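Participant: For reference, the structure I am asking about is given below.
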Amino acid sequence: METVWIQSLPNYVEQTVTIHGWVHQKRSSGKILFLQLRDGTGFIQGVVAKDEISEEMFDVVNSLTQETSLYVTGVVRADERAPSGVELSIINVDVVHLTHDYPITPKAHGVDFLMDHRHLWIRAPRQRAILKIRAEIIKAIRAFLDSHDFTQVDPPILTPSSCEGTTNLFHTKYFDEDAYLTQSGQLYMESAAMALGRVYSFGPTFRAEKSKTRRHLIEFWMIEPEMAFVTHEESIQIQEALIQAIVSHVLSTCKLELHTLGRDLTKLQKVLEPFARITYDEAITFLQQTGQEITWGEDFGSPHETAIAEHFDRPVFVEKYPASIKAFYMKPDPTREEVVLCADLLAPEGYGEIIGGSQRIDDADLLQERFSQHDLSESDYAWYLDLRRYGSVPHSGFGLGLERTVAWICGLEHVRETITFPRLLYRLYP
RNA sequence: UCCUCGAUAGCUCAGCGGUAGAGCAUCCGGCUGUUAACCGGAGGGUCGUAGGUUCGAAUCCUACUCGGGGAGCCA
């Protein structure tokens with residue numbers, strides 16, 4: 001008997017096949033039973049009618065419980081009533097493990113309960129769809145970068161000090177020295193770009209901030225491309241192409257999953273180049289005109305970002321922030337020294353900043369000046385300064401937040417569902 | 001750290017000063033097309049913890065614990 005994946009069952013109509021999987025749900029109507037079966041690749045309904053099967057086998061099926069693991073053999077039938085177009089007329093069931101009292105019932109549950117059972121929650125159709133889309137997003141990112149002459153480079157996770165010196169880092173010991181979990185691999189990636197031209201890192205990032213919002217995780221994944229001989233403007237064009245490639249890949253490969261999530265596809269179909277652009281100056285004027293209290297020189301808060309993003313139906317770049325509110329390594333605009341060549345990409349529908357990028361300072365003297373302005377120890381950054389002393393070139397890079405991107409594309413309320421086991425404020429279990 | 005909301009059955013919640021409730025889940029019975037199936041019945045509780053007010057507290061007050069949403073910070 002051929003064992004097949006549920007997702008390929010439409011190709012086996014009127015054939016007898018075996019599925020290895022679990023009982024997602026059971027419904028009984030007396031002399032006819034319906035099993036919702038899953039195997040990781042999809043869902044299918046199995047049907048057993050009392051007058052079409054032995055009494056013994058009918059009783060076996062009747063005794064099955066939610067999340068029991070089993071081997072099911074049956075005939076694939078085309079049926080208009082089935083969401084996937086096919087059903088399985090069950091011939092035989094071999095129970096692998098009978099489950100008792102599965103905690104997550106088909107009714108409503110609260111977030112805390114579900115998070116405590118995250119190891120089981122991920123079996124749910126909605127969670128499966130999200131994790132599947134996350135994987136396709138990752139695939140699209142890699143495919144895009146790998147085919148655009150980028151080389152993947154892995155920066156360290158244990159670092160001697162802060163990268164940007166702003167947020168709180170997780171502290172640990174490195175034998176007798178102090179060490180911190182990485183907050184960004186960017187500085188290392190700048191070094192790698194001078195060695196390999198165009199590089200990207202793809203790994204976890206840690207922020208010991210007591211952030212407790214739908215947009216924050218303590219541990220999250222970031223893609224950080226860094227490109228030698230690439231200007232701010234060229235970097236923005238690469239970012240646009242990357243985001244568009246991600247969205248179109250998901251639209252073409254994850255139709256069922258997006259449907260499971262109830263995502264409005266028309267919103268995603270609008271994600272086409274060129275994206276909207278607005279300068280920091282224009283954004284300030286816009287916010288002031290819409291009655292928000294903000295003055296030039298202040299950074300945007302979340303409500304400001306949302307107001308800007310909601311003004312556009314596609315992602316929007318906010319460019320050229322004041323140098324005083326941005327990281328020390330950003331290159332000043334040559335035509336206007338008080339702003340830097342940077343851009344944040346705000347996702348539509350209030351999902352916030354998904355990319356932060358800039359052209360980096362390539363002049364050793366200016367960088368040293370920034371070290372003292374930001375009270376950074378020059379000895380800690382000696383190696384970083386070296387990059388400006390030996391064949392310095394104009395270069396740019398950006399960081400793409402994976403979970404925020406997944407939340408936006410999936411249309412989720414919260415980033416905690418975009419990763420298998422989210423690390424949240426006060427939650428380290430399971 | 002601050003603001004705000006919450007904690008009652010396995011789960012989701014109602015009850016807001018006078019004998020602890022419902023739906024779902026579980027168990028028993030019924031139903032040949034169910035899609036969070038439906039119908040009938042049964043079992044199931046230290047009302048987050050500790051104090052206080054009161055004849056009487058799940059209900060009012062105080063503190064603490066745990067959690068949700070948000071601010072700041074950022075992806």
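Ordered as shown in the structure tokens, chains take letters A, B, and onward, while each chain numbers its residues from 1 and ligands are numbered from 1 in the order shown.
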Would you mind listing, as number ranges by chain, all residues of chain B that have at least one atom within 6 Å of chain A, where only C-alpha atoms (C1' of nucleotides) are what counts?
Facilitator: B: 12, 31-32, 36, 75
Participant: Go ahead and write the residues just picked, C-alpha atoms (C1' of nucleotides), as a compact mmCIF listing (two decimals), in the first residue's frame.
Facilitator:
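Below is the file result-v3.txt, written as the result:
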```
# COMPACT_ATOMS: atom_id res chain seq x y z
C1' U B 12 -14.00 30.16 27.82
C1' C B 31 -28.70 10.61 15.57
C1' U B 32 -26.15 8.04 7.89
C1' A B 36 -15.95 24.89 16.71
C1' A B 75 13.37 44.61 13.95
```
Participant: Hey, what's within 7 Å of Tyr321 (chain A) if we count only C-alpha atoms (C1' of nucleotides) and toss same-chain stuff fewer than 5 positions away? As a list in words, please?
Facilitator: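 With the cut-off at 7 Å, the set is Tyr280, Val339, Val340 and Cys342 of chain A.
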Participant: Write the residues of the preceding selection, restricted to C-alpha atoms, as a PDB file, in the first residue's frame.
Facilitator:
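Saved the output as out-v8.pdb:
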```pdb
ATOM      1  CA  TYR A 280      11.847  62.746   7.994  1.00  0.00           C
ATOM      2  CA  VAL A 339      20.675  64.438   8.770  1.00  0.00           C
ATOM      3  CA  VAL A 340      21.996  60.961   7.956  1.00  0.00           C
ATOM      4  CA  CYS A 342      19.249  56.250   6.482  1.00  0.00           C
TER       5      CYS A 342
END
```
Participant: I want to know what sits within 12 Å of region 179-185 of chain A, based on only C-alpha atoms (C1' of nucleotides), with residues of the same chain fewer than 4 positions away left out; could you give that as a PyMOL selection string?
Facilitator: (chain A and resi 153-175+189-192+199-209+218-226+356+397-401) or (chain B and resi 74-75)
Participant: Show me, as a list in words, the residues that have an atom within 10 Å of Thr418 (chain A) when counting only C-alpha atoms (C1' of nucleotides), minus same-chain residues fewer than 6 positions from it.
Facilitator: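 Within the cut-off, the hits are Gln127, Ala129, Ile130, Leu131, Lys132, Ile133, Arg134, Phe220, Leu402, Glu403, Arg404, Thr405, Val406, Ala407, Trp408, Cys410 and Leu412 of chain A.
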Participant: Give me a file of those residues, with all heavy atoms, as a compact mmCIF listing (two decimals), in the first residue's frame.
Facilitator:
```
# COMPACT_ATOMS: atom_id res chain seq x y z
N GLN A 127 -1.70 27.76 13.30
CA GLN A 127 -0.28 27.85 13.66
C GLN A 127 0.59 27.18 12.61
O GLN A 127 1.67 27.64 12.28
CB GLN A 127 -0.05 27.23 15.04
CG GLN A 127 -0.83 27.91 16.15
CD GLN A 127 -0.59 29.40 16.20
OE1 GLN A 127 0.54 29.86 16.14
NE2 GLN A 127 -1.66 30.17 16.28
N ALA A 129 -0.09 26.97 9.48
CA ALA A 129 -0.06 27.86 8.31
C ALA A 129 0.98 28.97 8.51
O ALA A 129 1.74 29.29 7.60
CB ALA A 129 -1.45 28.47 8.09
N ILE A 130 1.03 29.53 9.71
CA ILE A 130 1.98 30.61 9.98
C ILE A 130 3.42 30.10 9.86
O ILE A 130 4.27 30.73 9.22
CB ILE A 130 1.74 31.20 11.38
CG1 ILE A 130 0.39 31.90 11.44
CG2 ILE A 130 2.86 32.18 11.74
CD1 ILE A 130 -0.08 32.23 12.85
N LEU A 131 3.69 28.95 10.46
CA LEU A 131 5.06 28.42 10.44
C LEU A 131 5.47 28.05 9.01
O LEU A 131 6.63 28.18 8.63
CB LEU A 131 5.19 27.23 11.38
CG LEU A 131 5.02 27.59 12.87
CD1 LEU A 131 5.10 26.35 13.74
CD2 LEU A 131 6.05 28.61 13.31
N LYS A 132 4.49 27.60 8.24
CA LYS A 132 4.75 27.26 6.84
C LYS A 132 5.10 28.53 6.05
O LYS A 132 6.06 28.56 5.28
CB LYS A 132 3.49 26.61 6.25
CG LYS A 132 3.71 25.84 4.99
CD LYS A 132 4.37 24.51 5.26
CE LYS A 132 4.81 23.89 3.94
NZ LYS A 132 5.68 22.73 4.16
N ILE A 133 4.33 29.58 6.27
CA ILE A 133 4.59 30.84 5.56
C ILE A 133 5.93 31.42 6.01
O ILE A 133 6.70 31.91 5.18
CB ILE A 133 3.44 31.85 5.80
CG1 ILE A 133 2.18 31.36 5.09
CG2 ILE A 133 3.82 33.25 5.32
CD1 ILE A 133 0.92 32.15 5.40
N ARG A 134 6.23 31.32 7.29
CA ARG A 134 7.54 31.78 7.78
C ARG A 134 8.66 31.08 7.01
O ARG A 134 9.62 31.71 6.56
CB ARG A 134 7.67 31.48 9.28
CG ARG A 134 9.05 31.84 9.85
CD ARG A 134 9.19 31.33 11.28
NE ARG A 134 10.56 31.47 11.77
CZ ARG A 134 10.95 32.40 12.63
NH1 ARG A 134 10.10 33.26 13.12
NH2 ARG A 134 12.22 32.45 13.01
N PHE A 220 14.64 37.32 18.58
CA PHE A 220 14.02 37.33 17.25
C PHE A 220 15.09 37.14 16.19
O PHE A 220 16.29 37.17 16.47
CB PHE A 220 13.23 38.62 17.03
CG PHE A 220 14.07 39.87 16.99
CD1 PHE A 220 14.48 40.42 15.79
CD2 PHE A 220 14.45 40.49 18.17
CE1 PHE A 220 15.25 41.58 15.76
CE2 PHE A 220 15.22 41.65 18.15
CZ PHE A 220 15.62 42.19 16.95
N LEU A 402 12.58 39.44 10.79
CA LEU A 402 11.80 38.34 10.22
C LEU A 402 10.40 38.24 10.81
O LEU A 402 9.42 38.14 10.08
CB LEU A 402 12.55 37.01 10.44
CG LEU A 402 11.82 35.77 9.89
CD1 LEU A 402 11.67 35.84 8.38
CD2 LEU A 402 12.56 34.50 10.29
N GLU A 403 10.29 38.27 12.13
CA GLU A 403 8.98 38.06 12.75
C GLU A 403 7.98 39.15 12.42
O GLU A 403 6.80 38.87 12.22
CB GLU A 403 9.13 37.90 14.27
CG GLU A 403 9.72 36.55 14.68
CD GLU A 403 11.21 36.45 14.46
OE1 GLU A 403 11.85 37.51 14.20
OE2 GLU A 403 11.76 35.34 14.53
N ARG A 404 8.44 40.38 12.35
CA ARG A 404 7.51 41.46 11.98
C ARG A 404 7.06 41.30 10.54
O ARG A 404 5.92 41.60 10.19
CB ARG A 404 8.16 42.83 12.18
CG ARG A 404 8.22 43.22 13.63
CD ARG A 404 8.65 44.66 13.80
NE ARG A 404 8.84 44.96 15.20
CZ ARG A 404 9.34 46.12 15.64
NH1 ARG A 404 9.72 47.04 14.77
NH2 ARG A 404 9.48 46.32 16.92
N THR A 405 7.99 40.83 9.70
CA THR A 405 7.63 40.61 8.30
C THR A 405 6.60 39.49 8.19
O THR A 405 5.61 39.60 7.45
CB THR A 405 8.90 40.26 7.49
OG1 THR A 405 9.85 41.31 7.65
CG2 THR A 405 8.58 40.07 6.03
N VAL A 406 6.80 38.42 8.97
CA VAL A 406 5.85 37.30 8.96
C VAL A 406 4.49 37.77 9.48
O VAL A 406 3.44 37.47 8.90
CB VAL A 406 6.37 36.12 9.80
CG1 VAL A 406 5.32 35.01 9.87
CG2 VAL A 406 7.67 35.57 9.21
N ALA A 407 4.50 38.53 10.56
CA ALA A 407 3.24 39.01 11.15
C ALA A 407 2.47 39.86 10.15
O ALA A 407 1.26 39.72 10.00
CB ALA A 407 3.53 39.82 12.42
N TRP A 408 3.19 40.71 9.44
CA TRP A 408 2.55 41.59 8.45
C TRP A 408 1.97 40.76 7.30
O TRP A 408 0.79 40.90 6.94
CB TRP A 408 3.56 42.61 7.93
CG TRP A 408 3.19 43.23 6.63
CD1 TRP A 408 1.99 43.81 6.31
CD2 TRP A 408 4.01 43.31 5.45
NE1 TRP A 408 2.02 44.25 5.00
CE2 TRP A 408 3.24 43.96 4.46
CE3 TRP A 408 5.32 42.91 5.15
CZ2 TRP A 408 3.74 44.20 3.17
CZ3 TRP A 408 5.82 43.18 3.88
CH2 TRP A 408 5.03 43.80 2.91
N CYS A 410 1.21 37.64 7.15
CA CYS A 410 0.13 36.75 7.62
C CYS A 410 -1.07 37.54 8.15
O CYS A 410 -2.12 36.95 8.38
CB CYS A 410 0.64 35.82 8.72
SG CYS A 410 1.80 34.57 8.13
N LEU A 412 -1.26 39.05 11.22
CA LEU A 412 -1.47 38.61 12.60
C LEU A 412 -1.59 39.79 13.56
O LEU A 412 -1.06 40.86 13.31
CB LEU A 412 -0.29 37.75 13.06
CG LEU A 412 0.06 36.56 12.18
CD1 LEU A 412 1.24 35.80 12.78
CD2 LEU A 412 -1.14 35.64 12.02
```
Participant: A:Arg427, A:Trp121, A:Asp176, A:Leu272: which is nearest C66 (chain B), counting only C-alpha atoms (C1' of nucleotides)?
Facilitator: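 Distance minimum relative to C66 (chain B) lands on A:Arg427.
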Participant: Would you please give, as a PyMOL selection string, all residues of region 172-315 of chain A that DSSP assigns to alpha helix (DSSP H) based on the backbone?
Facilitator: chain A and resi 186-196+232-253+255-261+265-269+280-289+302-310
Participant: Which residues are close to C5 (chain B), i.e. within 12 Å by only C-alpha atoms (C1' of nucleotides), leaving aside same-chain residues fewer than 3 positions away? Reply as a VMD selection string.
Facilitator: chain B and resid 67 to 70
Participant: Could those residues be written to a file, using N, CA, C and O atoms (P, O5', C5', C4', C3', O3' and C1' of nucleotides), as a PDB file, in the first residue's frame?
Facilitator:
```pdb
ATOM      1  P     G B  67       4.032  35.972  34.585  1.00  0.00           P
ATOM      2  O5'   G B  67       2.699  36.405  33.821  1.00  0.00           O
ATOM      3  C5'   G B  67       2.099  35.508  32.921  1.00  0.00           C
ATOM      4  C4'   G B  67       0.703  35.961  32.560  1.00  0.00           C
ATOM      5  C3'   G B  67       0.584  37.121  31.601  1.00  0.00           C
ATOM      6  O3'   G B  67       0.882  36.774  30.273  1.00  0.00           O
ATOM      7  C1'   G B  67      -1.010  37.340  33.318  1.00  0.00           C
ATOM      8  P     G B  68       1.368  37.894  29.209  1.00  0.00           P
ATOM      9  O5'   G B  68      -0.001  38.618  28.830  1.00  0.00           O
ATOM     10  C5'   G B  68      -0.998  37.903  28.110  1.00  0.00           C
ATOM     11  C4'   G B  68      -2.174  38.799  27.858  1.00  0.00           C
ATOM     12  C3'   G B  68      -1.861  40.092  27.120  1.00  0.00           C
ATOM     13  O3'   G B  68      -1.752  39.890  25.732  1.00  0.00           O
ATOM     14  C1'   G B  68      -3.264  40.560  28.949  1.00  0.00           C
ATOM     15  P     G B  69      -0.697  40.721  24.872  1.00  0.00           P
ATOM     16  O5'   G B  69      -1.323  42.185  24.907  1.00  0.00           O
ATOM     17  C5'   G B  69      -2.503  42.471  24.170  1.00  0.00           C
ATOM     18  C4'   G B  69      -2.964  43.873  24.463  1.00  0.00           C
ATOM     19  C3'   G B  69      -1.957  44.975  24.168  1.00  0.00           C
ATOM     20  O3'   G B  69      -1.918  45.312  22.799  1.00  0.00           O
ATOM     21  C1'   G B  69      -2.940  45.353  26.274  1.00  0.00           C
ATOM     22  P     G B  70      -0.538  45.771  22.122  1.00  0.00           P
ATOM     23  O5'   G B  70      -0.207  47.140  22.885  1.00  0.00           O
ATOM     24  C5'   G B  70      -0.824  48.344  22.472  1.00  0.00           C
ATOM     25  C4'   G B  70      -0.614  49.444  23.476  1.00  0.00           C
ATOM     26  C3'   G B  70       0.762  50.086  23.540  1.00  0.00           C
ATOM     27  O3'   G B  70       1.011  50.944  22.452  1.00  0.00           O
ATOM     28  C1'   G B  70      -0.107  49.841  25.718  1.00  0.00           C
TER      29        G B  70
END
```
Participant: Enumerate as a list in words all residues of region 206-332 of chain A assigned to strand (DSSP E) by DSSP on the backbone, naming them with the chain letters and numbers the document uses.
Facilitator: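 Across region 206-332 of chain A, those assigned strand (DSSP E) are Phe206, Glu219, Phe220, Trp221, Met222, Ile223, Glu224, Pro225, Glu226, Met227, Ala228, Ala276, Arg277, Ile278, Thr279, Val316, Phe317, Val318, Glu319 and Pro332 of chain A.
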Participant: Please dump the current selection as a tab-separated table (two decimals), in the first residue's frame; keep N, CA and C atoms.
Facilitator:
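Here's the written file out01.tsv:
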```
chain	number	residue	atom	x	y	z
A	206	PHE	N	19.15	39.20	20.27
A	206	PHE	CA	18.60	39.23	21.63
A	206	PHE	C	18.56	40.65	22.16
A	219	GLU	N	13.79	37.44	21.87
A	219	GLU	CA	14.69	36.76	20.93
A	219	GLU	C	14.00	36.76	19.58
A	220	PHE	N	14.64	37.32	18.58
A	220	PHE	CA	14.02	37.33	17.25
A	220	PHE	C	15.09	37.14	16.19
A	221	TRP	N	14.65	36.92	14.96
A	221	TRP	CA	15.58	36.61	13.87
A	221	TRP	C	15.67	37.79	12.91
A	222	MET	N	16.90	38.05	12.50
A	222	MET	CA	17.13	39.21	11.67
A	222	MET	C	18.00	38.81	10.48
A	223	ILE	N	17.71	39.43	9.34
A	223	ILE	CA	18.54	39.26	8.15
A	223	ILE	C	19.27	40.57	7.97
A	224	GLU	N	20.59	40.53	7.95
A	224	GLU	CA	21.36	41.77	7.84
A	224	GLU	C	22.29	41.75	6.64
A	225	PRO	N	21.82	42.27	5.50
A	225	PRO	CA	22.69	42.40	4.33
A	225	PRO	C	23.63	43.61	4.50
A	226	GLU	N	24.83	43.47	3.97
A	226	GLU	CA	25.80	44.57	4.01
A	226	GLU	C	26.53	44.56	2.67
A	227	MET	N	26.64	45.74	2.05
A	227	MET	CA	27.10	45.78	0.67
A	227	MET	C	28.19	46.82	0.44
A	228	ALA	N	29.35	46.36	-0.03
A	228	ALA	CA	30.44	47.28	-0.35
A	228	ALA	C	30.13	47.99	-1.66
A	276	ALA	N	6.36	53.71	-1.41
A	276	ALA	CA	6.23	55.13	-1.09
A	276	ALA	C	7.50	55.61	-0.39
A	277	ARG	N	7.76	56.90	-0.52
A	277	ARG	CA	8.92	57.49	0.16
A	277	ARG	C	8.54	58.82	0.77
A	278	ILE	N	9.10	59.07	1.93
A	278	ILE	CA	8.84	60.34	2.59
A	278	ILE	C	10.10	60.66	3.40
A	279	THR	N	10.49	61.92	3.44
A	279	THR	CA	11.65	62.24	4.26
A	279	THR	C	11.20	62.48	5.70
A	316	VAL	N	6.31	52.04	3.16
A	316	VAL	CA	6.84	53.40	2.97
A	316	VAL	C	8.21	53.54	3.65
A	317	PHE	N	9.14	54.14	2.90
A	317	PHE	CA	10.46	54.45	3.47
A	317	PHE	C	10.41	55.83	4.09
A	318	VAL	N	10.89	55.93	5.32
A	318	VAL	CA	11.08	57.24	5.94
A	318	VAL	C	12.58	57.48	5.97
A	319	GLU	N	13.03	58.52	5.23
A	319	GLU	CA	14.45	58.73	5.00
A	319	GLU	C	15.02	59.92	5.77
A	332	PRO	N	26.52	61.00	7.38
A	332	PRO	CA	25.75	62.24	7.19
A	332	PRO	C	25.50	62.49	5.71
```
Participant: Mind pulling up the distance from CA of Asp39 (chain A) to CA of Gln25 (chain A)?
Facilitator: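 Those two atoms sit 12.8 Å apart.
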Participant: Could you please determine the separation between CA of Ile138 (chain A) and CA of Gln244 (chain A) in Å, to one decimal place?
Facilitator: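 A separation of 13.5 Å between them.
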Participant: Rounded to one decimal in Å, what is the spacing between CA of Leu9 (chain A) and CA of Leu88 (chain A)?
Facilitator: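 That distance, rounded to one decimal, is 9.0 Å.
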Participant: Under the rule that only C-alpha atoms (C1' of nucleotides) are counted, which of B:A50, B:A63, B:A42, B:A71 is the nearest residue to U26 (chain B)?
Facilitator: B:A42
Participant: When you look at Arg118 (chain A) with a cut-off of 8 Å (counting only C-alpha atoms (C1' of nucleotides)), what residues show up, excluding the ones that are within fewer than 3 positions of it in the same chain? I need them as a PyMOL selection string.
Facilitator: chain A and resi 114-115+121-122+420-421+430
Participant: With a distance cut-off of 9 Å and only C-alpha atoms (C1' of nucleotides), select the neighbouring residues of Leu64 (chain A), excluding the residue or stretch itself and same-chain residues fewer than 3 positions from it, and output the selection as a ChimeraX atom specification.
Facilitator: /A:23,26,35,59-61,67-68,95,98-99
Participant: Given the choices B:C47, B:C64, B:A37, B:A57, which gets closest to A20 (chain B) if the distance is worked out from only C-alpha atoms (C1' of nucleotides)?
Facilitator: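 Smallest distance to A20 (chain B) is found for B:C47.
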Participant: Which residue gives the smallest distance to G33 (chain B) among A:Thr335, A:Ile409, A:Gly46, A:Ile308, with only C-alpha atoms (C1' of nucleotides) counted?
Facilitator: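 Among the listed residues, the smallest separation from G33 (chain B) belongs to A:Gly46.
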